[in-house]
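Reproduced below: protein-v4.pdb, with PDB, C-alpha atoms.
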ATOM      1  CA  MET A  29       0.000   0.000   0.000
ATOM      2  CA  ALA A  30       1.257   3.477  -0.917
ATOM      3  CA  THR A  31       1.887   6.170   1.662
ATOM      4  CA  VAL A  32       0.801   9.695   0.825
ATOM      5  CA  LEU A  33       3.358  12.297   1.851
ATOM      6  CA  LYS A  34       2.216  15.883   2.264
ATOM      7  CA  ALA A  35       4.723  18.695   1.873
ATOM      8  CA  SER A  36       2.441  21.535   3.021
ATOM      9  CA  PRO A  37       3.001  21.102   6.782
ATOM     10  CA  ILE A  38       6.763  20.929   6.309
ATOM     11  CA  VAL A  39       6.813  23.985   4.033
ATOM     12  CA  ARG A  40       4.657  25.994   6.465
ATOM     13  CA  GLU A  41       6.988  25.148   9.346
ATOM     14  CA  HIS A  42      10.071  26.035   7.319
ATOM     15  CA  VAL A  43       8.588  29.376   6.229
ATOM     16  CA  LYS A  44       7.657  30.122   9.847
ATOM     17  CA  SER A  45      11.255  29.402  10.863
ATOM     18  CA  LEU A  46      12.596  31.688   8.113
ATOM     19  CA  LYS A  47      10.336  34.534   9.260
ATOM     20  CA  ILE A  48      11.650  34.152  12.801
ATOM     21  CA  GLU A  49      15.249  34.214  11.542
ATOM     22  CA  CYS A  50      14.567  37.377   9.513
ATOM     23  CA  GLU A  51      13.106  39.072  12.581
ATOM     24  CA  LYS A  52      16.125  38.047  14.682
ATOM     25  CA  LEU A  53      18.490  39.489  12.087
ATOM     26  CA  LYS A  54      16.500  42.724  11.934
ATOM     27  CA  SER A  55      16.695  43.065  15.718
ATOM     28  CA  PHE A  56      20.493  43.166  15.314
ATOM     29  CA  GLY A  57      20.262  45.778  12.559
ATOM     30  CA  VAL A  58      20.876  43.310   9.726
ATOM     31  CA  ILE A  59      18.326  43.442   6.918
ATOM     32  CA  PRO A  60      18.100  40.204   4.908
ATOM     33  CA  PHE A  61      18.412  41.103   1.229
ATOM     34  CA  LEU A  62      18.260  39.115  -2.003
ATOM     35  CA  LYS A  63      19.531  40.680  -5.213
ATOM     36  CA  VAL A  64      18.593  38.916  -8.453
ATOM     37  CA  ILE A  65      20.172  39.568 -11.843
ATOM     38  CA  LEU A  66      17.665  38.803 -14.590
ATOM     39  CA  VAL A  67      19.152  38.675 -18.073
ATOM     40  CA  GLY A  68      16.638  38.964 -20.904
ATOM     41  CA  LYS A  69      12.855  38.919 -20.912
ATOM     42  CA  HIS A  70      12.224  35.166 -20.910
ATOM     43  CA  PRO A  71       8.609  35.060 -19.581
ATOM     44  CA  PRO A  72       9.045  32.068 -17.229
ATOM     45  CA  SER A  73      12.167  33.673 -15.751
ATOM     46  CA  VAL A  74      10.342  36.963 -15.224
ATOM     47  CA  ILE A  75       7.534  35.138 -13.406
ATOM     48  CA  TYR A  76      10.031  33.108 -11.346
ATOM     49  CA  THR A  77      11.967  36.173 -10.191
ATOM     50  CA  ARG A  78       8.769  38.109  -9.450
ATOM     51  CA  ASN A  79       7.579  35.211  -7.265
ATOM     52  CA  LYS A  80      10.939  35.085  -5.470
ATOM     53  CA  LYS A  81      10.588  38.799  -4.692
ATOM     54  CA  LYS A  82       7.079  38.301  -3.289
ATOM     55  CA  PHE A  83       8.288  35.378  -1.185
ATOM     56  CA  MET A  84      11.237  37.302   0.238
ATOM     57  CA  GLU A  85       9.015  40.245   1.105
ATOM     58  CA  SER A  86       6.535  37.889   2.805
ATOM     59  CA  LEU A  87       9.392  36.804   5.071
ATOM     60  CA  GLY A  88      10.203  40.396   5.959
ATOM     61  CA  ALA A  89      13.314  40.549   3.788
ATOM     62  CA  LYS A  90      14.094  42.888   0.917
ATOM     63  CA  CYS A  91      14.591  41.895  -2.697
ATOM     64  CA  GLU A  92      15.836  43.793  -5.723
ATOM     65  CA  ILE A  93      15.685  42.547  -9.300
ATOM     66  CA  LEU A  94      18.277  43.968 -11.697
ATOM     67  CA  GLU A  95      17.057  43.543 -15.262
ATOM     68  CA  LEU A  96      19.620  43.385 -18.072
ATOM     69  CA  ASP A  97      18.974  43.024 -21.815
TER
END
Just give me the structure as structure tokens.
Amino acid sequence: MATVLKASPIVREHVKSLKIECEKLKSFGVIPFLKVILVGKHPPSVIYTRNKKKFMESLGAKCEILELD
């Protein structure tokens, strides 16, 4: 018989842990920051980087996307 594994609880716990770490860093004056270099306008890459930015901001971190031709 197959066992169904669910990732959602693990992901939620990991995200919760990341938020706590971001808050700890901020309390020491360190702002977590992700800088992405996006080369070209490949639509899936644009969507991917936009989602990474949203995720980082949901954690309380900053994100900047540098777009190059």
Top pick for closest residue to Glu85 (chain A), considering A:Leu46, A:Val67, A:Ile38, A:Val58 and counting all atoms listed in the file: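 With all atoms listed in the file as the atom set, the closest residue is A:Leu46.
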Please evaluate the PyMOL selection byres ((chain A and resi 50) around 7) against the displayed coordinates and give the resulting residues as a PyMOL selection string. chain A and resi 46-49+51-54+60+87-89
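You will find CA of Glu92 (chain A) at 4.9 Å from CA of Lys63 (chain A).
Using all atoms listed in the file, the smallest distance between any of A:Val43, A:Ala30, A:Met84, A:Ile93 and Ile59 (chain A) comes from A:Met84.
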Would you work out the distance separating CA of Gly68 (chain A) from CA of Leu96 (chain A), expressed in Å to one decimal?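 So the answer is 6.0 Å.
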Given the PyMOL selection byres ((chain A and resi 78) around 12) and the file above, list the residues it selects as a PyMOL selection string. chain A and resi 63-66+71-77+79-85+91-95
Draw an axis-aligned box over all listed atoms of region 78-90 of chain A, pad each side with 6 Å, and write its centre and edge lengths in Å, one decimal, as JSON.
{"center_x": 10.3, "center_y": 39.0, "center_z": -1.7, "size_x": 19.6, "size_y": 19.8, "size_z": 27.4}
Please compute the CA of Ser86 (chain A)-CA of Pro37 (chain A) distance, one decimal, in Å.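 A separation of 17.6 Å between them.
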